[in-house]
Amino acid sequence: MTTVRASHLLVKTEDEAKKLKQEIEQGKSFAEAAKEVSLCPSGQEGGDLGYFGKGMMVKEFEDAAFSMNVGEISEPIKTQFGWHLIQLTDKKD
């Protein structure tokens, strides 16, 4: 079974997520951004969610994470919790 390891940050608006993605692309650390702004408790760990398999996360989040390449940062993704940016940090088959 494939598992992925991802970090994420959670914010209230798409605009906020887009702005953060720009800052990260310009050199801000993903973990630092997550610690500063994420509404998820994982933010204190730099957004690290550890490894997870299919069926463990909400569908929109899971679909994005499993379609990404290691090191990639997603476009803003909307779930019932808000807007996420995901950084894929590892993938195991």
# chains A, B, ... in the order shown; residues from 1 in each chain; ligands from 1
>>> residues_around(residues="Ser7 in chain A", least_positions_apart="6", cutoff="10 Å", atoms="only C-alpha atoms", output="list in words")
Phe30, Ala31, Ala34, Ser42, Gly43, Glu45, Gly46, Gly47, Asp48, Leu49, Gly50, Tyr51, Ala65, Ile73, His84, Leu85, Ile86, Gln87, Leu88, Thr89 and Asp90 of chain A
>>> select_by_dssp(residues="chain A", states="alpha helix (DSSP H)", output="PyMOL selection string")
chain A and resi 14-25+30-37+59-67
>>> select_by_dssp(residues="chain A", states="strand (DSSP E or B)", output="PyMOL selection string")
chain A and resi 3-11+48-52+73+77-79+82-92
>>> write_last_selection(atoms="C-alpha atoms", output="PDB file, in the first residue's frame")
ATOM      1  CA  THR A   3       1.693   5.902   1.964  1.00  0.00           C
ATOM      2  CA  VAL A   4       2.684   9.535   1.809  1.00  0.00           C
ATOM      3  CA  ARG A   5       4.146  11.930   4.328  1.00  0.00           C
ATOM      4  CA  ALA A   6       2.926  15.481   4.106  1.00  0.00           C
ATOM      5  CA  SER A   7       2.928  18.761   5.918  1.00  0.00           C
ATOM      6  CA  HIS A   8       0.099  21.218   5.600  1.00  0.00           C
ATOM      7  CA  LEU A   9      -1.132  24.533   6.809  1.00  0.00           C
ATOM      8  CA  LEU A  10      -4.752  25.487   7.242  1.00  0.00           C
ATOM      9  CA  VAL A  11      -6.191  28.986   6.846  1.00  0.00           C
ATOM     10  CA  ASP A  48       3.901  17.695   9.730  1.00  0.00           C
ATOM     11  CA  LEU A  49       1.135  15.086   9.549  1.00  0.00           C
ATOM     12  CA  GLY A  50       3.435  12.068   9.402  1.00  0.00           C
ATOM     13  CA  TYR A  51       2.694   9.144   7.082  1.00  0.00           C
ATOM     14  CA  PHE A  52      -0.838   8.267   6.038  1.00  0.00           C
ATOM     15  CA  ILE A  73       3.619  22.408  -2.742  1.00  0.00           C
ATOM     16  CA  ILE A  77      -7.226  23.083  -1.577  1.00  0.00           C
ATOM     17  CA  LYS A  78     -10.656  23.599  -0.050  1.00  0.00           C
ATOM     18  CA  THR A  79     -12.090  21.134   2.477  1.00  0.00           C
ATOM     19  CA  GLY A  82     -10.894  25.630   5.349  1.00  0.00           C
ATOM     20  CA  TRP A  83      -8.099  26.147   2.813  1.00  0.00           C
ATOM     21  CA  HIS A  84      -4.948  24.013   2.872  1.00  0.00           C
ATOM     22  CA  LEU A  85      -1.519  24.179   1.346  1.00  0.00           C
ATOM     23  CA  ILE A  86       0.126  20.769   1.264  1.00  0.00           C
ATOM     24  CA  GLN A  87       3.829  20.007   0.978  1.00  0.00           C
ATOM     25  CA  LEU A  88       4.591  16.396   0.084  1.00  0.00           C
ATOM     26  CA  THR A  89       7.704  15.319   1.963  1.00  0.00           C
ATOM     27  CA  ASP A  90       7.898  11.573   1.193  1.00  0.00           C
ATOM     28  CA  LYS A  91       6.120   8.748  -0.642  1.00  0.00           C
ATOM     29  CA  LYS A  92       6.475   4.998  -0.030  1.00  0.00           C
TER      30      LYS A  92
END
>>> closest_residue(among="A:Phe61, A:Cys40, A:Ser74, A:Gln26", to="Lys12 in chain A", atoms="only C-alpha atoms")
A:Cys40
>>> decode(residues="range 6-17 of chain A", atoms="N, CA, C and O atoms", output="tab-separated table (two decimals), in the first residue's frame")
chain	number	residue	atom	x	y	z
A	6	ALA	N	3.20	14.12	4.55
A	6	ALA	CA	2.93	15.48	4.11
A	6	ALA	C	2.89	16.43	5.29
A	6	ALA	O	2.63	16.03	6.42
A	7	SER	N	3.15	17.67	4.99
A	7	SER	CA	2.93	18.76	5.92
A	7	SER	C	1.84	19.62	5.31
A	7	SER	O	1.66	19.65	4.08
A	8	HIS	N	1.11	20.32	6.16
A	8	HIS	CA	0.10	21.22	5.60
A	8	HIS	C	-0.06	22.42	6.52
A	8	HIS	O	0.41	22.43	7.66
A	9	LEU	N	-0.68	23.42	5.97
A	9	LEU	CA	-1.13	24.53	6.81
A	9	LEU	C	-2.57	24.81	6.42
A	9	LEU	O	-3.00	24.55	5.31
A	10	LEU	N	-3.32	25.28	7.40
A	10	LEU	CA	-4.75	25.49	7.24
A	10	LEU	C	-5.08	26.93	7.58
A	10	LEU	O	-4.71	27.42	8.64
A	11	VAL	N	-5.77	27.59	6.64
A	11	VAL	CA	-6.19	28.99	6.85
A	11	VAL	C	-7.66	29.12	6.43
A	11	VAL	O	-8.23	28.20	5.87
A	12	LYS	N	-8.23	30.29	6.71
A	12	LYS	CA	-9.67	30.47	6.49
A	12	LYS	C	-10.05	30.81	5.06
A	12	LYS	O	-11.14	30.50	4.62
A	13	THR	N	-9.14	31.49	4.32
A	13	THR	CA	-9.53	31.98	2.98
A	13	THR	C	-8.57	31.53	1.90
A	13	THR	O	-7.38	31.29	2.15
A	14	GLU	N	-9.08	31.45	0.68
A	14	GLU	CA	-8.25	31.10	-0.47
A	14	GLU	C	-7.19	32.17	-0.70
A	14	GLU	O	-6.04	31.85	-1.01
A	15	ASP	N	-7.56	33.44	-0.50
A	15	ASP	CA	-6.60	34.52	-0.70
A	15	ASP	C	-5.41	34.39	0.25
A	15	ASP	O	-4.25	34.60	-0.15
A	16	GLU	N	-5.69	34.05	1.49
A	16	GLU	CA	-4.61	33.88	2.46
A	16	GLU	C	-3.70	32.72	2.05
A	16	GLU	O	-2.48	32.82	2.11
A	17	ALA	N	-4.31	31.62	1.59
A	17	ALA	CA	-3.52	30.47	1.14
A	17	ALA	C	-2.65	30.84	-0.06
A	17	ALA	O	-1.47	30.46	-0.13
